[in-house]
$ cat upload_24.cif   # mmCIF, C-alpha atoms
data_input
loop_
_atom_site.label_atom_id
_atom_site.label_comp_id
_atom_site.auth_asym_id
_atom_site.auth_seq_id
_atom_site.Cartn_x
_atom_site.Cartn_y
_atom_site.Cartn_z
CA MET A 1 0.00 0.00 0.00
CA PRO A 2 1.44 3.45 -0.91
CA PRO A 3 2.39 5.84 1.89
CA LEU A 4 -0.48 7.89 3.24
CA ASN A 5 0.41 11.45 2.31
CA PHE A 6 -1.00 14.35 0.33
CA ASN A 7 0.01 12.74 -2.97
CA ALA A 8 -2.15 9.72 -2.04
CA ILE A 9 -5.09 12.05 -1.36
CA ARG A 10 -4.58 13.80 -4.71
CA ALA A 11 -4.43 10.41 -6.45
CA ALA A 12 -7.61 9.35 -4.65
CA HIS A 13 -9.39 12.49 -5.83
CA LYS A 14 -8.45 11.76 -9.43
CA ARG A 15 -9.53 8.10 -9.07
CA ILE A 16 -12.98 8.77 -7.58
CA ARG A 17 -13.94 12.05 -9.24
CA ALA A 18 -16.23 10.40 -11.80
CA TYR A 19 -18.13 8.47 -9.10
CA ILE A 20 -18.83 11.14 -6.46
CA HIS A 21 -20.41 14.57 -6.20
CA ARG A 22 -18.26 17.64 -5.73
CA THR A 23 -20.48 18.86 -2.93
CA PRO A 24 -21.23 22.55 -2.44
CA VAL A 25 -19.84 24.82 0.25
CA MET A 26 -22.68 26.80 1.81
CA THR A 27 -22.71 29.87 4.02
CA SER A 28 -25.36 31.46 6.20
CA SER A 29 -25.23 35.07 7.36
CA ARG A 30 -27.85 34.19 9.99
CA LEU A 31 -25.62 31.49 11.50
CA ASN A 32 -22.61 33.81 11.37
CA GLU A 33 -24.56 36.44 13.32
CA ALA A 34 -26.17 33.92 15.71
CA SER A 35 -22.86 32.36 16.78
CA PRO A 36 -21.44 33.37 20.19
CA ALA A 37 -18.28 34.62 18.43
CA THR A 38 -18.17 36.72 15.28
CA ALA A 39 -16.99 34.34 12.57
CA SER A 40 -17.44 33.53 8.90
CA LEU A 41 -18.66 29.92 8.70
CA PHE A 42 -18.32 27.70 5.62
CA PHE A 43 -20.18 24.36 5.52
CA LYS A 44 -18.91 21.57 3.23
CA CYS A 45 -22.19 19.75 2.51
CA GLU A 46 -21.35 16.05 2.40
CA ASN A 47 -25.00 15.43 3.31
CA PHE A 48 -25.49 15.95 -0.45
CA GLN A 49 -22.89 13.28 -1.29
CA LYS A 50 -23.69 9.93 -2.94
CA ILE A 51 -25.31 7.62 -0.32
CA GLY A 52 -25.92 10.78 1.71
CA ALA A 53 -22.53 10.87 3.45
CA PHE A 54 -18.78 11.45 2.98
CA LYS A 55 -18.20 7.69 3.35
CA ALA A 56 -18.77 7.34 -0.41
CA ARG A 57 -15.35 8.91 -0.97
CA GLY A 58 -13.20 6.50 1.05
CA ALA A 59 -15.08 3.34 0.09
CA THR A 60 -14.94 4.18 -3.62
CA ASN A 61 -11.23 4.89 -3.47
CA ALA A 62 -10.54 1.63 -1.60
CA VAL A 63 -12.61 -0.55 -3.95
CA PHE A 64 -11.20 1.03 -7.11
CA SER A 65 -7.63 0.75 -5.76
CA LEU A 66 -7.83 -3.08 -5.79
CA ASP A 67 -6.19 -4.95 -8.66
CA ASP A 68 -8.59 -6.83 -10.94
CA ALA A 69 -7.86 -10.32 -9.59
CA THR A 70 -8.38 -9.20 -5.98
CA ALA A 71 -11.50 -7.20 -6.83
CA ARG A 72 -13.14 -10.17 -8.57
CA ARG A 73 -13.13 -12.08 -5.27
CA GLY A 74 -15.30 -9.32 -3.82
CA VAL A 75 -15.15 -6.97 -0.86
CA ALA A 76 -16.50 -7.20 2.67
CA THR A 77 -17.04 -4.96 5.65
CA HIS A 78 -19.04 -4.67 8.85
CA SER A 79 -21.15 -1.58 9.28
CA SER A 80 -24.49 -0.52 10.69
CA GLY A 81 -24.91 2.32 8.25
CA ASN A 82 -23.19 4.73 5.91
CA HIS A 83 -19.94 2.82 5.33
CA GLY A 84 -21.81 -0.37 4.46
CA ALA A 85 -23.90 1.47 1.88
CA ALA A 86 -20.78 3.17 0.51
CA VAL A 87 -18.92 -0.15 0.07
CA ALA A 88 -22.00 -1.78 -1.48
CA ARG A 89 -22.34 1.08 -3.97
CA ALA A 90 -18.64 1.11 -4.87
CA ALA A 91 -18.68 -2.66 -5.43
CA ARG A 92 -21.68 -2.36 -7.74
CA LEU A 93 -19.91 0.38 -9.71
CA ARG A 94 -16.85 -1.87 -10.05
CA GLY A 95 -19.02 -4.90 -10.87
CA VAL A 96 -17.77 -7.08 -8.00
CA PRO A 97 -19.53 -8.85 -5.10
CA ALA A 98 -20.01 -7.09 -1.76
CA HIS A 99 -20.68 -8.76 1.60
CA ILE A 100 -21.92 -6.46 4.35
CA VAL A 101 -22.16 -7.65 7.96
CA MET A 102 -24.81 -5.70 9.89
CA PRO A 103 -26.06 -5.88 13.48
CA SER A 104 -29.48 -7.54 13.76
CA ASN A 105 -30.95 -4.33 15.22
CA SER A 106 -29.89 -2.08 12.31
CA ALA A 107 -32.42 0.47 11.10
CA LYS A 108 -34.62 -0.88 8.32
CA VAL A 109 -33.94 2.16 6.16
CA LYS A 110 -30.21 1.34 6.24
CA ILE A 111 -30.83 -2.34 5.48
CA ARG A 112 -32.97 -1.39 2.47
CA ALA A 113 -30.31 1.03 1.22
CA ILE A 114 -27.59 -1.65 1.27
CA GLU A 115 -29.89 -4.27 -0.29
CA GLY A 116 -30.69 -1.77 -3.03
CA TYR A 117 -27.05 -1.83 -4.14
CA GLY A 118 -27.19 -5.62 -4.55
CA ALA A 119 -24.91 -6.52 -1.65
CA GLN A 120 -25.09 -9.81 0.26
CA LEU A 121 -26.21 -9.08 3.82
CA VAL A 122 -25.09 -11.09 6.85
CA PHE A 123 -26.71 -10.28 10.19
CA CYS A 124 -25.01 -10.71 13.57
CA GLU A 125 -25.47 -9.85 17.23
CA PRO A 126 -25.20 -6.08 17.91
CA THR A 127 -21.71 -6.11 19.44
CA GLU A 128 -18.37 -5.04 17.99
CA ASN A 129 -16.88 -8.50 18.60
CA ALA A 130 -19.78 -10.28 16.85
CA ARG A 131 -19.40 -7.98 13.84
CA GLU A 132 -15.68 -8.67 13.55
CA VAL A 133 -16.10 -12.45 13.94
CA ALA A 134 -18.90 -12.62 11.37
CA CYS A 135 -16.93 -10.50 8.91
CA ALA A 136 -13.83 -12.69 9.35
CA GLU A 137 -15.96 -15.79 8.60
CA VAL A 138 -17.33 -14.18 5.42
CA ILE A 139 -13.82 -13.32 4.26
CA LYS A 140 -12.57 -16.86 5.00
CA LYS A 141 -15.44 -18.37 2.96
CA THR A 142 -15.39 -15.99 0.01
CA GLY A 143 -11.84 -14.68 -0.29
CA ALA A 144 -13.24 -11.16 -0.22
CA THR A 145 -11.04 -8.23 0.81
CA LEU A 146 -11.85 -6.32 3.99
CA ILE A 147 -12.62 -2.63 3.44
CA HIS A 148 -12.48 -1.30 7.00
CA SER A 149 -14.28 1.97 7.65
CA PHE A 150 -11.15 3.75 8.94
CA GLU A 151 -8.23 1.32 9.47
CA ASN A 152 -7.42 1.46 5.75
CA GLU A 153 -5.06 3.94 4.07
CA HIS A 154 -7.09 4.07 0.84
CA VAL A 155 -10.26 4.85 2.80
CA ILE A 156 -8.48 7.62 4.74
CA ALA A 157 -7.06 9.09 1.51
CA GLY A 158 -10.52 9.10 -0.05
CA GLN A 159 -12.04 10.86 2.95
CA GLY A 160 -9.35 13.55 2.71
CA THR A 161 -10.67 14.63 -0.68
CA ALA A 162 -13.55 16.52 0.98
CA ALA A 163 -11.04 18.87 2.64
CA VAL A 164 -9.19 19.29 -0.68
CA GLU A 165 -12.40 20.52 -2.30
CA LEU A 166 -13.25 22.75 0.65
CA LEU A 167 -9.84 24.47 0.56
CA GLU A 168 -9.92 24.78 -3.22
CA ASP A 169 -13.27 26.58 -2.92
CA VAL A 170 -12.36 28.61 0.19
CA PRO A 171 -8.54 28.86 0.26
CA GLU A 172 -8.23 31.43 3.07
CA LEU A 173 -9.67 29.34 5.90
CA ASP A 174 -8.15 29.89 9.36
CA VAL A 175 -9.58 26.74 10.92
CA ILE A 176 -11.22 23.53 9.76
CA ILE A 177 -13.54 21.69 12.17
CA CYS A 178 -14.21 17.98 11.79
CA PRO A 179 -16.09 15.32 13.77
CA VAL A 180 -14.10 12.31 15.02
CA GLY A 181 -15.20 8.72 15.60
CA GLY A 182 -12.72 6.17 14.29
CA GLY A 183 -10.67 9.01 12.83
CA GLY A 184 -10.68 8.22 9.10
CA LEU A 185 -12.21 11.52 8.02
CA LEU A 186 -10.18 13.50 10.56
CA SER A 187 -6.89 11.90 9.46
CA GLY A 188 -7.49 12.55 5.78
CA THR A 189 -8.76 16.06 6.50
CA ALA A 190 -5.75 16.93 8.65
CA ILE A 191 -3.17 15.70 6.12
CA ALA A 192 -4.91 17.54 3.27
CA ALA A 193 -5.46 20.76 5.22
CA LYS A 194 -1.93 21.02 6.62
CA SER A 195 -0.43 20.20 3.21
CA MET A 196 -2.47 22.82 1.36
CA ARG A 197 -2.37 25.51 4.06
CA PRO A 198 0.30 24.81 6.71
CA GLN A 199 -0.86 27.62 9.03
CA ILE A 200 -4.44 26.33 9.27
CA LYS A 201 -5.73 24.96 12.57
CA VAL A 202 -7.42 21.55 12.48
CA ILE A 203 -9.82 21.01 15.38
CA ALA A 204 -11.74 17.78 16.00
CA VAL A 205 -15.01 17.52 17.91
CA GLU A 206 -16.71 14.54 19.52
CA PRO A 207 -19.59 13.99 21.94
CA ALA A 208 -18.66 14.24 25.62
CA ASN A 209 -20.38 10.84 26.02
CA ALA A 210 -17.91 9.26 23.55
CA ASP A 211 -14.73 11.16 24.30
CA ASP A 212 -12.03 8.51 23.78
CA ALA A 213 -10.26 10.58 21.10
CA ALA A 214 -10.07 13.63 23.36
CA GLN A 215 -8.84 11.49 26.27
CA SER A 216 -6.28 9.80 24.02
CA PHE A 217 -5.12 13.15 22.62
CA ARG A 218 -4.52 14.52 26.13
CA ALA A 219 -2.81 11.32 27.32
CA GLY A 220 -0.57 11.06 24.25
CA ARG A 221 -1.55 7.41 23.77
CA ARG A 222 -4.56 5.60 22.35
CA LEU A 223 -7.16 4.77 24.99
CA VAL A 224 -10.16 2.47 24.49
CA THR A 225 -13.20 3.52 26.51
CA GLU A 226 -16.71 2.27 27.13
CA LYS A 227 -19.20 4.54 25.42
CA LYS A 228 -22.36 5.96 26.94
CA PHE A 229 -25.36 6.71 24.77
CA THR A 230 -24.92 9.55 22.29
CA ILE A 231 -27.38 10.71 19.68
CA ALA A 232 -24.36 11.08 17.36
CA ASP A 233 -24.21 7.30 16.91
CA GLY A 234 -21.75 7.56 14.00
CA LEU A 235 -19.11 8.80 16.46
CA ARG A 236 -19.35 6.04 19.09
CA THR A 237 -16.39 4.14 17.60
CA ASN A 238 -13.04 4.23 19.38
CA VAL A 239 -10.29 6.05 17.50
CA GLY A 240 -8.23 3.69 15.35
CA GLU A 241 -4.70 2.32 15.74
CA ARG A 242 -3.71 3.62 12.29
CA THR A 243 -5.51 6.94 12.60
CA PHE A 244 -4.37 8.00 16.07
CA PRO A 245 -0.68 8.60 15.15
CA ILE A 246 -1.84 10.79 12.25
CA ILE A 247 -4.16 12.69 14.57
CA ARG A 248 -1.34 13.25 17.08
CA ARG A 249 0.90 14.60 14.33
CA TYR A 250 -1.48 16.88 12.44
CA VAL A 251 -4.45 17.82 14.64
CA ASP A 252 -4.22 20.91 16.86
CA ASP A 253 -6.95 20.11 19.40
CA ILE A 254 -9.92 17.87 20.17
CA VAL A 255 -12.90 19.28 22.05
CA THR A 256 -16.14 17.70 23.29
CA VAL A 257 -19.76 18.83 23.20
CA SER A 258 -22.92 18.00 25.15
CA GLU A 259 -25.88 16.03 23.83
CA GLN A 260 -28.04 19.13 24.26
CA ALA A 261 -25.69 21.17 22.06
CA ILE A 262 -25.68 18.48 19.34
CA VAL A 263 -29.49 18.46 19.17
CA SER A 264 -29.61 22.26 19.22
CA ALA A 265 -27.00 22.53 16.46
CA MET A 266 -28.79 19.96 14.32
CA ARG A 267 -32.12 21.71 14.65
CA THR A 268 -30.60 25.15 14.02
CA ILE A 269 -28.99 23.98 10.77
CA TRP A 270 -32.22 22.29 9.63
CA GLU A 271 -34.24 25.44 10.33
CA THR A 272 -31.75 28.06 9.13
CA MET A 273 -30.04 26.42 6.16
CA LYS A 274 -33.07 24.32 5.11
CA THR A 275 -30.89 21.23 4.84
CA ILE A 276 -31.16 17.86 6.58
CA ILE A 277 -28.09 16.71 8.52
CA GLU A 278 -27.63 13.77 10.87
CA PRO A 279 -26.56 14.25 14.51
CA SER A 280 -22.90 13.37 13.87
CA ALA A 281 -22.76 16.13 11.24
CA ALA A 282 -24.03 18.70 13.76
CA VAL A 283 -21.12 18.15 16.17
CA PRO A 284 -18.75 20.79 14.67
CA TYR A 285 -21.39 23.52 14.84
CA ALA A 286 -22.28 22.38 18.37
CA ALA A 287 -18.70 23.28 19.36
CA ILE A 288 -19.31 26.80 18.00
CA LEU A 289 -22.57 27.06 19.99
CA GLU A 290 -20.81 25.98 23.19
CA ASN A 291 -17.89 28.34 22.52
CA LYS A 292 -15.40 25.44 22.67
CA ILE A 293 -13.30 26.73 19.74
CA ASP A 294 -11.87 30.21 19.25
CA VAL A 295 -13.33 31.32 15.92
CA ASN A 296 -13.71 35.01 16.77
CA GLY A 297 -12.96 37.05 13.65
CA LYS A 298 -11.89 33.89 11.79
CA ARG A 299 -12.96 32.00 8.68
CA ALA A 300 -13.99 28.55 9.86
CA GLY A 301 -14.79 25.61 7.61
CA MET A 302 -16.67 22.57 8.84
CA ILE A 303 -17.66 19.31 7.23
CA LEU A 304 -21.36 18.40 7.40
CA THR A 305 -20.62 14.70 7.22
CA GLY A 306 -24.01 13.26 6.28
CA GLY A 307 -27.77 13.55 6.16
CA ASN A 308 -29.09 10.04 6.76
CA VAL A 309 -31.67 10.50 9.48
CA ASP A 310 -34.47 8.26 10.72
CA LEU A 311 -37.35 10.71 10.27
CA ASP A 312 -39.52 8.60 12.60
CA ALA A 313 -37.11 9.15 15.51
CA LEU A 314 -36.21 12.84 15.51
CA PRO A 315 -34.86 14.24 18.82
CA TRP A 316 -37.43 17.02 19.07
#
$ encode --input "upload_24.cif" --output "structure tokens"
Amino acid sequence: MPPLNFNAIRAAHKRIRAYIHRTPVMTSSRLNEASPATASLFFKCENFQKIGAFKARGATNAVFSLDDATARRGVATHSSGNHGAAVARAARLRGVPAHIVMPSNSAKVKIRAIEGYGAQLVFCEPTENAREVACAEVIKKTGATLIHSFENEHVIAGQGTAAVELLEDVPELDVIICPVGGGGLLSGTAIAAKSMRPQIKVIAVEPANADDAAQSFRAGRRLVTEKKFTIADGLRTNVGERTFPIIRRYVDDIVTVSEQAIVSAMRTIWETMKTIIEPSAAVPYAAILENKIDVNGKRAGMILTGGNVDLDALPW
């Protein structure tokens, strides 16, 4: 696998360009004025991306990076949502089999989305260990290649292409704000941002109820923690072994936000920008609402990571 650097992100962008949207960067004078600090906010709208989330970038790059013989044996992953749909879609585009392991309690809308791309679904108990065991069994039986949602350099490089587009469209950003779960998007974003604009600050945000990345960042070593409930379910994953060293090297700070702030940020963006985002995507703006990041007088970019929401279970 090639080294994970800015050249790899540029190569990923070239590889996937025909298969993804170049999503818009939106602004809102009302949100600028409503923020506790005076700032110019720029929202990279990955909620408008294929499959409704940035995950389409990394999965497509990983699947299309495989040589033909390997690809023909298929790809596999375990996912309860966006990554599974992204891998299933990329496999269909490449014309190869996809095997997606999902927890038995996955939302029906997500199951239907993955089935719609023609993937083979395997259900397991809703635990991380059960997912990994079931996925390993699928790979042993089929010879498929694992496309992990963040412990994969091609996936990380693909995710970094969102920041490339953001900085091409708004080159004078002072800070870029990114959610963190496993750290794939954050790692790619940080490498791209620091390569294109070395003076930029890269700040990560996660729920206070799932703060392993912040704890790890402060401790200087990767910590695995038990997660409490958070509405931002896409960020419950512990930060990865491959992603954490990148985060330590390139990221300037990691802050946490309350559940109340996440819900408030999500609702505010829905109402003000007239765009649907999922709770995980609201986390960067929640940090602005709670004044956790110094954006006073600055141009701040943030990635709205996705818009796949269960409309029957809204938090208000």
$ resolve_selection --input "upload_24.cif" --expression "the PyMOL selection byres ((chain A and resi 93) around 10)" --output "ChimeraX atom specification"
/A:19,60,63-64,87-92,94-96,117
$ write_last_selection --input "upload_24.cif" --atoms "C-alpha atoms" --output "PDB file, in the coordinates of the input"
ATOM      1  CA  TYR A  19     -18.130   8.470  -9.100  1.00  0.00           C
ATOM      2  CA  THR A  60     -14.940   4.180  -3.620  1.00  0.00           C
ATOM      3  CA  VAL A  63     -12.610  -0.550  -3.950  1.00  0.00           C
ATOM      4  CA  PHE A  64     -11.200   1.030  -7.110  1.00  0.00           C
ATOM      5  CA  VAL A  87     -18.920  -0.150   0.070  1.00  0.00           C
ATOM      6  CA  ALA A  88     -22.000  -1.780  -1.480  1.00  0.00           C
ATOM      7  CA  ARG A  89     -22.340   1.080  -3.970  1.00  0.00           C
ATOM      8  CA  ALA A  90     -18.640   1.110  -4.870  1.00  0.00           C
ATOM      9  CA  ALA A  91     -18.680  -2.660  -5.430  1.00  0.00           C
ATOM     10  CA  ARG A  92     -21.680  -2.360  -7.740  1.00  0.00           C
ATOM     11  CA  ARG A  94     -16.850  -1.870 -10.050  1.00  0.00           C
ATOM     12  CA  GLY A  95     -19.020  -4.900 -10.870  1.00  0.00           C
ATOM     13  CA  VAL A  96     -17.770  -7.080  -8.000  1.00  0.00           C
ATOM     14  CA  TYR A 117     -27.050  -1.830  -4.140  1.00  0.00           C
TER      15      TYR A 117
END
$ closest_residue --input "upload_24.cif" --among "A:Arg22, A:His154, A:Arg30, A:Arg218" --to "Ile269 (chain A)" --atoms "all atoms listed in the file"
A:Arg30
$ closest_residue --input "upload_24.cif" --among "A:Thr225, A:Gly188, A:Tyr285, A:Asn308" --to "Val251 (chain A)" --atoms "all atoms listed in the file"
A:Gly188
$ residues_near_point --input "upload_24.cif" --point "(-12.4, -15.6, 1.3)" --cutoff "12 Å" --atoms "all atoms listed in the file" --output "ChimeraX atom specification"
/A:70-76,97-99,135-146
$ atom_distance --input "upload_24.cif" --atom1 "CA of Met102 (chain A)" --atom2 "CA of Thr23 (chain A)"
28.0 Å
$ atom_distance --input "upload_24.cif" --atom1 "CA of Val175 (chain A)" --atom2 "CA of Ile262 (chain A)"
20.0 Å
$ closest_residue --input "upload_24.cif" --among "A:Ala232, A:Leu304, A:Ala119, A:Ala265" --to "Leu289 (chain A)" --atoms "all atoms listed in the file"
A:Ala265
$ atom_distance --input "upload_24.cif" --atom1 "CA of Ala281 (chain A)" --atom2 "CA of Val202 (chain A)"
16.3 Å
$ residues_around --input "upload_24.cif" --residues "Ser258 (chain A)" --least-positions-apart "5" --cutoff "8 Å" --atoms "all atoms listed in the file" --output "list in words"
Pro207, Ala208 and Asn209 of chain A
$ resolve_selection --input "upload_24.cif" --expression "the PyMOL selection byres ((chain A and resi 3) around 12)" --output "JSON, numbers by chain"
{"A": [1, 2, 4, 5, 6, 7, 8, 9, 11, 152, 153, 154, 156, 157]}
$ residues_near_point --input "upload_24.cif" --point "(-5.5, 6.7, 22.9)" --cutoff "10 Å" --atoms "all atoms listed in the file" --output "number ranges by chain"
A: 212-225, 238-241, 244-245, 248
$ closest_residue --input "upload_24.cif" --among "A:Ser80, A:Gln49, A:Asn32, A:Ser40" --to "Gly307 (chain A)" --atoms "all atoms listed in the file"
A:Gln49
$ closest_residue --input "upload_24.cif" --among "A:Gly183, A:Gly160, A:Gly118, A:Gly301" --to "Thr27 (chain A)" --atoms "all atoms listed in the file"
A:Gly301
$ axis_aligned_box --input "upload_24.cif" --around "region 268-282 of chain A" --padding-each-side "4 Å" --output "lines of an AutoDock Vina configuration file"
center_x = -28.5
center_y = 20.7
center_z = 9.7
size_x = 19.5
size_y = 22.7
size_z = 17.7
$ residues_around --input "upload_24.cif" --residues "Thr268 (chain A)" --least-positions-apart "6" --cutoff "12 Å" --atoms "only C-alpha atoms" --output "list in words"
Ser28, Arg30, Leu31, Ala34, Ser35, Ala261, Ile262, Lys274, Thr275, Ile276, Ile277, Pro279, Ala282, Val283, Tyr285, Ala286, Leu289 and Trp316 of chain A
$ closest_residue --input "upload_24.cif" --among "A:His21, A:Lys110, A:Lys201, A:Lys50" --to "Gly306 (chain A)" --atoms "all atoms listed in the file"
A:Lys50
$ resolve_selection --input "upload_24.cif" --expression "the PyMOL selection byres ((chain A and resi 196) around 12)" --output "list in words"
Asn5, Phe6, Asn7, Ile9, Arg10, Gly160, Thr161, Ala163, Val164, Glu165, Leu166, Leu167, Glu168, Val170, Pro171, Glu172, Leu173, Thr189, Ala190, Ile191, Ala192, Ala193, Lys194, Ser195, Arg197, Pro198, Gln199, Ile200 and Lys201 of chain A
$ residues_around --input "upload_24.cif" --residues "Lys44 (chain A)" --least-positions-apart "2" --cutoff "7 Å" --atoms "only C-alpha atoms" --output "compact mmCIF listing (two decimals) with C-alpha atoms, keeping the file's coordinate frame"
# COMPACT_ATOMS: atom_id res chain seq x y z
CA THR A 23 -20.48 18.86 -2.93
CA PRO A 24 -21.23 22.55 -2.44
CA VAL A 25 -19.84 24.82 0.25
CA MET A 26 -22.68 26.80 1.81
CA PHE A 42 -18.32 27.70 5.62
CA GLU A 46 -21.35 16.05 2.40
CA LEU A 166 -13.25 22.75 0.65
CA MET A 302 -16.67 22.57 8.84
CA ILE A 303 -17.66 19.31 7.23
CA LEU A 304 -21.36 18.40 7.40
